[in-house]
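File shown here: start-v2.cif, holding mmCIF, C-alpha atoms and all ligand atoms.
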data_query
#
loop_
_atom_site.label_atom_id
_atom_site.label_comp_id
_atom_site.auth_asym_id
_atom_site.auth_seq_id
_atom_site.Cartn_x
_atom_site.Cartn_y
_atom_site.Cartn_z
CA MET A 12 -56.45 61.16 77.62
CA THR A 13 -54.00 58.46 76.51
CA PRO A 14 -50.43 59.71 76.40
CA GLU A 15 -48.46 59.09 73.23
CA PHE A 16 -45.18 57.47 74.18
CA VAL A 17 -42.76 56.15 71.58
CA THR A 18 -39.44 54.60 72.41
CA LEU A 19 -36.92 54.93 69.59
CA LYS A 20 -33.63 53.15 69.03
CA SER A 21 -30.56 55.28 69.41
CA ASN A 22 -26.84 54.72 69.75
CA TYR A 23 -26.96 56.67 72.97
CA HIS A 24 -28.59 55.28 76.15
CA PHE A 25 -32.20 55.36 75.06
CA LEU A 26 -34.30 57.90 73.29
CA LYS A 27 -37.81 58.49 74.48
CA LYS A 28 -40.16 60.73 72.58
CA ILE A 29 -43.15 62.33 74.28
CA THR A 30 -45.45 64.24 71.96
CA ILE A 31 -47.77 67.02 73.02
CA ASN A 32 -50.52 67.65 70.45
CA THR A 33 -52.53 70.75 71.20
CA ALA A 34 -55.14 72.58 69.10
CA CYS A 35 -52.57 74.40 66.93
CA HIS A 36 -49.23 72.75 67.62
CA LYS A 37 -47.31 69.50 67.90
CA SER A 38 -44.31 69.44 70.18
CA ASP A 39 -41.84 66.54 70.44
CA ILE A 40 -39.85 66.15 73.64
CA LEU A 41 -36.82 63.91 73.16
CA ILE A 42 -35.24 62.52 76.31
CA GLY A 43 -31.82 60.92 76.05
CA GLU A 44 -31.20 62.28 72.55
CA LYS A 45 -27.60 63.39 72.13
CA TRP A 46 -27.86 67.17 72.31
CA THR A 47 -25.33 67.67 69.50
CA ASN A 48 -27.91 66.14 67.13
CA PHE A 49 -30.11 69.23 67.45
CA ARG A 50 -29.49 70.38 63.87
CA LYS A 51 -31.43 67.46 62.43
CA TYR A 52 -34.63 68.72 64.09
CA ILE A 53 -34.42 72.25 62.63
CA PRO A 54 -36.86 72.73 59.75
CA GLY A 55 -35.59 74.90 56.89
CA GLU A 56 -32.27 76.63 56.34
CA SER A 57 -32.34 79.84 58.29
CA ALA A 58 -31.84 79.38 62.03
CA VAL A 59 -30.16 81.17 64.90
CA ILE A 60 -28.99 79.91 68.29
CA ILE A 61 -29.89 81.88 71.42
CA THR A 62 -27.91 80.86 74.47
CA ASP A 63 -26.27 82.35 77.56
CA ASP A 64 -22.59 83.03 78.29
CA ASN A 65 -22.19 80.03 80.64
CA ILE A 66 -23.59 77.57 78.13
CA LEU A 67 -21.51 79.18 75.40
CA ASN A 68 -18.39 78.55 77.52
CA PHE A 69 -19.18 74.91 78.19
CA TYR A 70 -20.74 73.84 74.91
CA GLY A 71 -20.15 76.60 72.33
CA LYS A 72 -17.54 74.67 70.36
CA ASN A 73 -20.38 72.49 69.07
CA PHE A 74 -22.48 75.44 67.89
CA THR A 75 -20.70 75.67 64.54
CA GLY A 76 -22.55 76.52 61.35
CA LEU A 77 -25.27 78.72 62.85
CA PRO A 78 -25.20 82.33 64.06
CA VAL A 79 -25.11 82.51 67.86
CA ILE A 80 -26.52 85.23 70.10
CA SER A 81 -25.55 84.96 73.75
CA ILE A 82 -27.21 86.76 76.66
CA SER A 83 -26.02 87.30 80.24
CA PRO A 84 -26.97 84.30 82.37
CA GLY A 85 -29.73 84.50 84.93
CA GLU A 86 -33.11 85.97 85.72
CA LYS A 87 -31.97 89.58 85.18
CA SER A 88 -32.02 88.91 81.43
CA LYS A 89 -35.70 87.93 81.42
CA ASN A 90 -37.15 91.31 80.43
CA LEU A 91 -38.56 93.18 77.46
CA GLU A 92 -35.36 95.18 76.91
CA VAL A 93 -33.47 91.98 76.17
CA ILE A 94 -36.31 90.81 73.89
CA ASN A 95 -36.09 94.13 72.05
CA LYS A 96 -32.31 93.84 71.59
CA LEU A 97 -32.59 90.23 70.44
CA ALA A 98 -35.29 91.14 67.91
CA GLY A 99 -32.95 93.81 66.50
CA LYS A 100 -30.20 91.19 66.17
CA LEU A 101 -32.54 88.77 64.38
CA LEU A 102 -33.44 91.55 61.92
CA ASN A 103 -29.74 92.26 61.31
CA LEU A 104 -29.16 88.57 60.66
CA GLY A 105 -31.95 88.62 58.08
CA ILE A 106 -34.14 86.15 59.99
CA ASP A 107 -37.58 86.28 58.33
CA ARG A 108 -40.89 84.49 58.87
CA LYS A 109 -39.35 81.20 57.74
CA GLY A 110 -36.55 81.57 60.28
CA PHE A 111 -36.15 79.36 63.32
CA ILE A 112 -34.79 79.97 66.84
CA VAL A 113 -32.95 77.27 68.79
CA GLY A 114 -32.75 78.15 72.48
CA ILE A 115 -29.86 76.28 74.11
CA GLY A 116 -29.91 76.82 77.84
CA GLY A 117 -31.87 76.62 81.06
CA GLY A 118 -35.31 77.98 81.87
CA VAL A 119 -34.27 81.58 81.33
CA VAL A 120 -32.97 81.00 77.79
CA CYS A 121 -35.98 78.79 76.94
CA ASP A 122 -38.47 81.39 78.25
CA ILE A 123 -36.73 84.15 76.29
CA ALA A 124 -36.24 82.16 73.08
CA GLY A 125 -39.84 80.90 73.24
CA PHE A 126 -41.31 84.34 73.85
CA LEU A 127 -39.18 85.94 71.14
CA GLY A 128 -40.16 83.15 68.74
CA SER A 129 -43.82 83.78 69.60
CA VAL A 130 -43.78 87.50 68.88
CA TYR A 131 -41.00 88.09 66.31
CA MET A 132 -42.74 88.74 62.96
CA ARG A 133 -45.94 87.61 64.75
CA GLY A 134 -44.41 84.23 65.42
CA ILE A 135 -41.67 82.01 63.97
CA GLY A 136 -40.70 78.42 64.79
CA PHE A 137 -38.54 77.60 67.76
CA GLY A 138 -37.07 74.60 69.58
CA PHE A 139 -35.01 74.01 72.71
CA VAL A 140 -31.93 72.15 73.85
CA SER A 141 -32.79 72.16 77.52
CA THR A 142 -29.64 72.25 79.62
CA SER A 143 -30.67 72.58 83.29
CA LEU A 144 -32.61 70.04 85.35
CA LEU A 145 -35.25 72.66 86.03
CA SER A 146 -35.82 73.35 82.37
CA GLN A 147 -35.72 69.64 81.45
CA VAL A 148 -38.35 68.59 84.00
CA ASP A 149 -40.43 71.73 83.84
CA ALA A 150 -39.67 74.98 82.02
CA SER A 151 -39.18 73.72 78.48
CA THR A 152 -42.31 71.52 78.39
CA GLY A 153 -45.76 72.97 78.17
CA GLY A 154 -45.52 75.98 75.90
CA LYS A 155 -45.47 78.77 78.48
CA ASN A 156 -42.97 81.46 77.54
CA GLY A 157 -42.49 84.82 79.12
CA VAL A 158 -40.48 87.59 80.70
CA ASN A 159 -40.67 89.48 83.97
CA VAL A 160 -41.69 93.04 84.70
CA GLY A 161 -39.50 94.28 87.51
CA LYS A 162 -39.58 91.59 90.17
CA VAL A 163 -42.95 90.24 89.07
CA LYS A 164 -42.28 87.02 87.23
CA ASN A 165 -43.55 85.92 83.82
CA ILE A 166 -46.11 88.71 83.63
CA ILE A 167 -45.71 89.21 79.86
CA GLY A 168 -45.75 86.04 77.84
CA SER A 169 -47.42 83.60 75.48
CA PHE A 170 -48.67 80.06 75.21
CA ASN A 171 -46.81 78.58 72.26
CA GLN A 172 -45.28 75.12 71.95
CA PRO A 173 -41.65 74.55 70.88
CA GLU A 174 -41.34 72.26 67.86
CA PHE A 175 -38.83 70.12 69.73
CA VAL A 176 -37.19 69.92 73.13
CA ILE A 177 -34.01 67.90 73.57
CA CYS A 178 -33.29 66.80 77.14
CA ASP A 179 -29.85 65.23 77.36
CA PRO A 180 -29.07 64.39 81.02
CA VAL A 181 -25.33 64.29 80.23
CA MET A 182 -25.47 68.10 80.12
CA LEU A 183 -26.51 68.10 83.78
CA LYS A 184 -22.98 67.05 84.80
CA THR A 185 -21.75 70.63 84.36
CA LEU A 186 -24.66 72.19 86.23
CA PRO A 187 -23.66 73.90 89.52
CA ASP A 188 -24.91 72.04 92.64
CA ASP A 189 -27.45 74.67 93.70
CA GLU A 190 -28.94 74.78 90.18
CA TYR A 191 -29.19 70.99 90.13
CA LEU A 192 -30.99 70.90 93.50
CA SER A 193 -33.25 73.75 92.40
CA GLY A 194 -34.41 71.61 89.45
CA LEU A 195 -34.88 68.63 91.73
CA ALA A 196 -37.51 70.58 93.69
CA GLU A 197 -39.67 70.86 90.54
CA LEU A 198 -39.14 67.17 89.79
CA ILE A 199 -40.30 66.29 93.32
CA LYS A 200 -43.26 68.66 92.87
CA ASN A 201 -44.39 66.82 89.73
CA GLY A 202 -44.46 63.54 91.68
CA VAL A 203 -46.14 65.05 94.73
CA ILE A 204 -49.05 66.51 92.72
CA ARG A 205 -49.76 63.55 90.45
CA ASP A 206 -47.66 60.41 90.91
CA SER A 207 -46.95 58.85 94.31
CA GLU A 208 -44.80 56.13 92.66
CA LEU A 209 -42.39 58.75 91.37
CA VAL A 210 -42.14 60.10 94.93
CA ILE A 211 -41.35 56.59 96.21
CA GLU A 212 -38.64 56.18 93.50
CA ILE A 213 -37.06 59.45 94.61
CA GLU A 214 -37.32 58.56 98.32
CA LYS A 215 -35.58 55.22 97.67
CA ASN A 216 -32.76 56.57 95.51
CA ILE A 217 -31.46 59.72 97.14
CA ASP A 218 -27.80 58.71 96.68
CA LEU A 219 -28.17 57.90 92.97
CA ILE A 220 -29.86 61.25 92.47
CA LEU A 221 -27.16 63.15 94.34
CA LYS A 222 -24.53 61.36 92.22
CA ARG A 223 -26.40 62.53 89.08
CA ASP A 224 -26.53 59.01 87.67
CA THR A 225 -27.33 59.66 84.00
CA LEU A 226 -29.46 56.58 83.36
CA PHE A 227 -31.46 56.99 86.54
CA LEU A 228 -31.96 60.67 85.79
CA GLU A 229 -33.24 59.81 82.32
CA LYS A 230 -35.89 57.66 83.97
CA LEU A 231 -36.92 60.36 86.44
CA ILE A 232 -36.90 63.14 83.84
CA THR A 233 -39.00 61.03 81.47
CA ARG A 234 -41.58 60.32 84.17
CA SER A 235 -41.66 63.94 85.25
CA ILE A 236 -42.20 65.16 81.68
CA GLU A 237 -44.90 62.51 81.16
CA ILE A 238 -46.72 63.95 84.16
CA LYS A 239 -46.41 67.54 82.94
CA ALA A 240 -47.32 66.57 79.36
CA SER A 241 -50.46 64.71 80.48
CA VAL A 242 -51.61 67.77 82.42
CA VAL A 243 -50.81 70.16 79.53
CA ARG A 244 -52.68 67.97 77.03
CA GLU A 245 -55.77 68.23 79.21
CA ASP A 246 -55.53 71.97 79.73
CA GLU A 247 -53.02 73.85 77.58
CA LYS A 248 -54.06 77.36 78.62
CA GLU A 249 -54.29 76.77 82.37
CA THR A 250 -58.00 77.24 82.90
CA GLY A 251 -58.35 74.17 85.12
CA ILE A 252 -56.22 71.11 85.94
CA ARG A 253 -52.96 72.71 84.72
CA MET A 254 -53.04 74.92 87.79
CA ILE A 255 -51.90 71.94 89.91
CA LEU A 256 -48.44 72.46 88.37
CA ASN A 257 -48.31 75.67 90.39
CA PHE A 258 -48.22 73.73 93.67
CA GLY A 259 -45.89 75.64 95.98
CA HIS A 260 -45.57 78.55 93.56
CA THR A 261 -47.98 81.09 95.10
CA PHE A 262 -45.84 81.50 98.20
CA GLY A 263 -42.74 80.25 96.34
CA HIS A 264 -42.74 83.29 94.04
CA ALA A 265 -43.11 85.57 97.06
CA ILE A 266 -40.16 83.84 98.76
CA GLU A 267 -38.09 84.03 95.55
CA ALA A 268 -38.77 87.75 95.16
CA GLY A 269 -38.31 88.50 98.85
CA THR A 270 -35.03 86.65 99.30
CA GLY A 271 -33.46 86.17 95.86
CA ILE A 272 -32.95 82.45 96.54
CA LYS A 273 -33.11 80.09 93.56
CA HIS A 274 -36.51 79.23 92.11
CA GLY A 275 -36.57 75.56 93.20
CA PHE A 276 -35.50 76.33 96.78
CA ALA A 277 -38.23 78.99 96.95
CA VAL A 278 -40.79 76.55 95.51
CA ALA A 279 -39.70 73.94 98.10
CA GLY A 280 -40.46 76.50 100.84
CA GLY A 281 -43.75 77.33 99.09
CA MET A 282 -44.68 73.63 98.95
CA ILE A 283 -44.28 73.33 102.70
CA ILE A 284 -46.44 76.43 103.28
CA ALA A 285 -49.07 74.98 100.89
CA ALA A 286 -48.90 71.62 102.68
CA ASP A 287 -49.16 73.32 106.09
CA ILE A 288 -52.22 75.30 104.96
CA SER A 289 -53.69 72.07 103.50
CA VAL A 290 -53.30 70.43 106.94
CA GLN A 291 -54.72 73.49 108.70
CA LEU A 292 -57.84 73.50 106.49
CA GLY A 293 -58.36 69.76 106.83
CA PHE A 294 -57.37 68.57 103.33
CA LEU A 295 -54.13 66.74 104.23
CA GLN A 296 -52.94 64.44 107.02
CA LYS A 297 -50.04 65.84 109.05
CA ASP A 298 -47.87 62.74 108.43
CA GLU A 299 -48.11 63.31 104.65
CA ARG A 300 -46.94 66.90 105.16
CA ASP A 301 -44.06 65.58 107.28
CA ARG A 302 -43.16 63.09 104.55
CA LEU A 303 -42.85 65.93 102.05
CA PHE A 304 -40.82 67.95 104.54
CA ASN A 305 -38.40 65.04 105.10
CA LEU A 306 -37.95 64.42 101.38
CA LEU A 307 -37.18 68.07 100.62
CA ASP A 308 -34.96 68.26 103.68
CA SER A 309 -32.94 65.21 102.61
CA PHE A 310 -31.79 67.27 99.60
CA LYS A 311 -31.24 70.37 101.78
CA LEU A 312 -33.89 72.21 99.80
CA LEU A 313 -35.47 73.92 102.80
CA VAL A 314 -33.64 77.09 103.66
CA LYS A 315 -34.45 79.60 106.39
CA TYR A 316 -35.82 82.95 105.32
CA ASP A 317 -37.53 85.84 107.00
CA ILE A 318 -39.77 88.00 104.84
CA PRO A 319 -42.10 90.57 106.46
CA TYR A 320 -45.74 89.45 106.33
CA ASP A 321 -46.82 92.60 104.46
CA GLN A 322 -44.25 92.01 101.74
CA VAL A 323 -45.50 88.43 101.21
CA LYS A 324 -49.07 89.74 101.07
CA ARG A 325 -48.14 92.35 98.45
CA PHE A 326 -46.67 89.65 96.23
CA ILE A 327 -49.66 87.34 96.66
CA LEU A 328 -51.91 90.25 95.61
CA GLN A 329 -49.97 90.56 92.33
CA ASP A 330 -50.29 86.84 91.60
CA LYS A 331 -51.64 85.97 88.14
CA LYS A 332 -53.75 83.23 89.73
CA LYS A 333 -55.67 85.88 91.65
CA SER A 334 -59.19 86.61 90.50
CA GLY A 335 -60.91 89.47 92.33
CA GLU A 336 -60.74 88.90 96.08
CA ALA A 337 -59.95 85.20 95.70
CA VAL A 338 -56.98 83.18 94.50
CA ASN A 339 -56.84 79.74 92.90
CA PHE A 340 -54.66 77.91 95.37
CA VAL A 341 -53.19 74.42 94.99
CA PHE A 342 -53.76 72.24 98.05
CA LEU A 343 -52.41 68.77 98.67
CA GLU A 344 -54.84 65.96 99.56
CA GLU A 345 -52.26 63.17 99.73
CA THR A 346 -48.85 62.37 98.22
CA GLY A 347 -49.58 62.18 94.46
CA LYS A 348 -52.82 64.14 94.57
CA ALA A 349 -53.16 67.92 94.42
CA ILE A 350 -56.41 69.88 94.06
CA VAL A 351 -57.12 73.47 93.05
CA LYS A 352 -59.64 75.47 95.05
CA SER A 353 -60.57 79.11 95.03
CA ILE A 354 -59.92 80.63 98.43
CA ALA A 355 -60.58 84.16 99.66
CA LEU A 356 -57.33 86.07 99.87
CA THR A 357 -58.10 87.13 103.43
CA LYS A 358 -58.60 83.48 104.48
CA LEU A 359 -55.39 82.39 102.74
CA MET A 360 -53.37 85.14 104.35
CA ASP A 361 -54.95 84.48 107.76
CA SER A 362 -53.88 80.82 107.44
CA TYR A 363 -50.39 81.90 106.48
CA LYS A 364 -50.22 84.30 109.42
CA LEU A 365 -51.18 81.48 111.79
CA LEU A 366 -48.28 79.39 110.45
CA LYS A 367 -45.86 82.24 110.93
CA THR A 368 -46.86 82.55 114.58
CA ILE A 369 -46.62 78.81 115.37
N1 LIG B 401 -42.03 78.44 81.10
C1 LIG B 401 -42.29 77.63 82.11
O1 LIG B 401 -43.23 76.84 82.09
C2 LIG B 401 -41.38 77.66 83.31
C3 LIG B 401 -41.51 76.69 84.30
C4 LIG B 401 -40.62 76.73 85.36
C5 LIG B 401 -39.64 77.70 85.43
N2 LIG B 401 -39.56 78.62 84.45
C6 LIG B 401 -38.53 79.65 84.49
O2 LIG B 401 -37.25 79.03 84.38
C7 LIG B 401 -36.29 79.91 84.95
C8 LIG B 401 -35.33 79.11 85.80
O3 LIG B 401 -34.71 78.15 84.98
P1 LIG B 401 -33.25 77.62 85.35
O4 LIG B 401 -33.24 77.22 86.77
O5 LIG B 401 -32.87 76.64 84.32
O6 LIG B 401 -32.40 78.96 85.29
P2 LIG B 401 -31.27 79.47 84.27
O7 LIG B 401 -31.68 79.33 82.88
O8 LIG B 401 -30.90 80.83 84.76
O9 LIG B 401 -30.06 78.47 84.52
C9 LIG B 401 -29.46 78.47 85.77
C10 LIG B 401 -27.94 78.72 85.67
O10 LIG B 401 -27.33 77.51 85.26
C11 LIG B 401 -26.55 77.72 84.10
N3 LIG B 401 -26.66 76.50 83.33
C12 LIG B 401 -27.76 76.00 82.72
N4 LIG B 401 -27.49 74.81 82.20
C13 LIG B 401 -26.19 74.52 82.49
C14 LIG B 401 -25.35 73.42 82.24
N5 LIG B 401 -25.76 72.32 81.59
N6 LIG B 401 -24.06 73.49 82.67
C15 LIG B 401 -23.61 74.58 83.35
N7 LIG B 401 -24.37 75.64 83.64
C16 LIG B 401 -25.66 75.61 83.21
C17 LIG B 401 -27.14 78.95 83.45
O11 LIG B 401 -26.18 79.60 82.66
C18 LIG B 401 -27.55 79.78 84.66
O12 LIG B 401 -26.44 80.46 85.17
C19 LIG B 401 -37.06 80.95 85.75
O13 LIG B 401 -37.00 82.16 85.07
C20 LIG B 401 -38.47 80.40 85.77
O14 LIG B 401 -39.44 81.42 85.82
C21 LIG B 401 -40.39 78.63 83.39
#
Rendering of file as structure tokens:
Amino acid sequence: MTPEFVTLKSNYHFLKKITINTACHKSDILIGEKWTNFRKYIPGESAVIITDDNILNFYGKNFTGLPVISISPGEKSKNLEVINKLAGKLLNLGIDRKGFIVGIGGGVVCDIAGFLGSVYMRGIGFGFVSTSLLSQVDASTGGKNGVNVGKVKNIIGSFNQPEFVICDPVMLKTLPDDEYLSGLAELIKNGVIRDSELVIEIEKNIDLILKRDTLFLEKLITRSIEIKASVVREDEKETGIRMILNFGHTFGHAIEAGTGIKHGFAVAGGMIIAADISVQLGFLQKDERDRLFNLLDSFKLLVKYDIPYDQVKRFILQDKKKSGEAVNFVFLEETGKAIVKSIALTKLMDSYKLLKTI
């Protein structure tokens, strides 16, 4: 499918628009747009901002003119109780079916704002100002919204596209280091599964990336979103190719739940397990696995953890990608090419156990 890319003039670096047209929705992702321009993308009069307390501190002075609801930052807010409270606040503000939600924040705020927008009054419009690297390169594109149940992530949710997503890399300057690196893991993942040239760009420019060079980041974020958008256009509801975006996530989610480390660091660990299993089962050359290891290691994304085997197994059994006794697992064939194959859970866990005993 041919991607729709439009480059627009802007008085601010450059503005790149990537459009995702799905069966029922059109979603515009604007990279390099000045985030303070978000009001011009809101349809209608009645809108509310949902954000978190950190973003409110850094950027709240520019939120004038719209009601603001702020949640506690972090994963602990991603649950139905918070959705319930937010829905009550929208009712009190008189937000009706013509209302609009602007989520300004990282992946947590976008997931919450998107899910609330999908279910409040059976669905109202919503858009995002995506403020973390992780949400710019991943969470805010693609229309998946959801909340957790206990420690099990994103188990209640919806597929529903935001009307717009603004990704302004200038906002990444205030992002804490560990959050920035966590987002970088997802950016690397997008290259590793689909675009070896993006991986080469990252390998060649580690210093520029660590310095958070705005123009270079715009380029990388654009490419990463193009990759995700092309996959989502092919398979919005994740019945096939979209599953490659989950590379590293089967074990990554187990690591995240078992250790509490940040999503991207856990996914980096999960990518290495997936690459190791790919080597073990004959899909991937060992030197390609080592290349991935070195790249993740150069950003200090690989942290040591020790989770009991049974605990990992319990989490894998709860995985949404599980179907009966098998799981759809994303293997790597080479840098830039991932494949999804159904594998018996026992075989997957036996492979994992072998790695743990190496
Ligand atoms: N829906 C999807 O397709 C999808 C994809 C990937 C991840 N996710 C979800 O995204 C979430 C993780 O997203 P995240 O890493 O952005 O977490 P987050 O939203 O919790 O943000 C991380 C931290 O950084 C702060 N922050 C964000 N932007 C900032 C900025 N510009 N300056 C200063 N501080 C800032 C936040 O307040 C928070 O404390 C997870 O819940 C994950 O499940 C969803």
Polymer residues at most 7 Å from region 66-78 of chain A, only C-alpha atoms, same-chain spacing of 5 or more positions, as a JSON list (two decimals) with C-alpha atoms, in the frame of the given file:
[["chain", "number", "residue", "atom", "x", "y", "z"],
["A", 47, "THR", "CA", -25.33, 67.67, 69.50],
["A", 58, "ALA", "CA", -31.84, 79.38, 62.03],
["A", 59, "VAL", "CA", -30.16, 81.17, 64.90],
["A", 60, "ILE", "CA", -28.99, 79.91, 68.29],
["A", 116, "GLY", "CA", -29.91, 76.82, 77.84]]
- One-decimal distance in Å that lies between CA of Ser289 (chain A) and CA of Glu214 (chain A): 21.8 Å
- Item | ligand LIG 401 (chain B) neighbours within 8 Å using only C-alpha atoms and all ligand atoms, as number ranges by chain | A: 63-66, 69, 84-86, 89, 116-122, 141-146, 149-158, 164-165, 182-187, 190, 193-194, 197, 273-275
- Item | Within 10 Å of file point (-54.4, 68.9, 74.0), counting all atoms listed in the file, expressed as a PyMOL selection string | chain A and resi 12+31-37+240-248
- Message: Would you pick out the contacts of Val163 (chain A) at 8 Å or less, using only C-alpha atoms, so that residues sharing its chain but fewer than 3 positions from it are not included, and give the list as a PyMOL selection string?
- Response: chain A and resi 159-160+166+268+329
Mind writing the picked residues with C-alpha atoms as a short mmCIF file (atom, residue, chain, number, x, y, z; two decimals), keeping the file's coordinate frame?
data_model
loop_
_atom_site.label_atom_id
_atom_site.label_comp_id
_atom_site.auth_asym_id
_atom_site.auth_seq_id
_atom_site.Cartn_x
_atom_site.Cartn_y
_atom_site.Cartn_z
CA ASN A 159 -40.67 89.48 83.97
CA VAL A 160 -41.69 93.04 84.70
CA ILE A 166 -46.11 88.71 83.63
CA ALA A 268 -38.77 87.75 95.16
CA GLN A 329 -49.97 90.56 92.33
#
- Near Gly269 (chain A), counting all atoms listed in the file, which residues have an atom at most 10 Å away, once you skip same-chain residues fewer than 4 positions from it, shown as JSON, numbers by chain? {"A": [162, 263, 264, 265, 277, 316, 317, 318, 319, 322, 323, 326]}
- Given the choices A:Leu104, A:Val210, A:Leu303, A:Ile135, which gets closest to Leu343 (chain A) if the distance is worked out from all atoms listed in the file? A:Leu303
- Task: Quote the spacing between CA of Ile213 (chain A) and CA of Val181 (chain A) in Å to one decimal place.
- Result: 19.2 Å
Counting all atoms listed in the file, which residues of region 221-284 of chain A sit at most 9 Å from some atom of region 201-208 of chain A, and what is each one's closest atom pair with its distance in Å to one decimal, listed by chain and rising residue number, as a tab-separated table?
residue	atom	partner	partner_atom	distance
A:Arg234	CA	A:Gly202	CA	8.7
A:Ser235	CA	A:Asn201	CA	6.0
A:Ile236	CA	A:Asn201	CA	8.5
A:Ile238	CA	A:Asn201	CA	6.7
A:Lys239	CA	A:Asn201	CA	7.1
A:Ile255	CA	A:Ile204	CA	6.7
A:Leu256	CA	A:Asn201	CA	7.1
A:Phe258	CA	A:Ile204	CA	7.3
- Message: If I take CA of Asp39 (chain A) and CA of Pro54 (chain A), how far is one from the other in Å, to one decimal?
- Response: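 So the answer is 13.3 Å.
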- Write out as JSON, numbers by chain which residues come within 12 Å of Lys96 (chain A) when counting only C-alpha atoms, dropping same-chain ones fewer than 6 positions away. {"A": [80, 81, 82, 88, 89, 90, 102, 103, 123, 127, 131]}
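Neighbouring residues of Leu228 (chain A) at 8 Å or closer, counting all atoms listed in the file and skipping chain neighbours under 5 positions away, are A:Pro180, A:Ile220, A:Arg223.
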Store the residues of this selection in a file with C-alpha atoms, as a PDB file, keeping the file's coordinate frame.
ATOM      1  CA  PRO A 180     -29.070  64.390  81.020  1.00  0.00           C
ATOM      2  CA  ILE A 220     -29.860  61.250  92.470  1.00  0.00           C
ATOM      3  CA  ARG A 223     -26.400  62.530  89.080  1.00  0.00           C
TER       4      ARG A 223
END
- Around the point (-39.8, 81.4, 60.5) in the file's coordinates, collect all residues with an atom within 8 Å, using all atoms listed in the file, and return them as JSON, numbers by chain. {"A": [57, 106, 107, 108, 109, 110, 111, 134, 135, 136]}
- Query: Pick from A:Val148, A:Leu209, A:Val113, A:Leu91: nearest to Gly168 (chain A), with all atoms listed in the file counted?
  - Reply: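 Ranking A:Val148, A:Leu209, A:Val113, A:Leu91 by distance to Gly168 (chain A), first place goes to A:Leu91.
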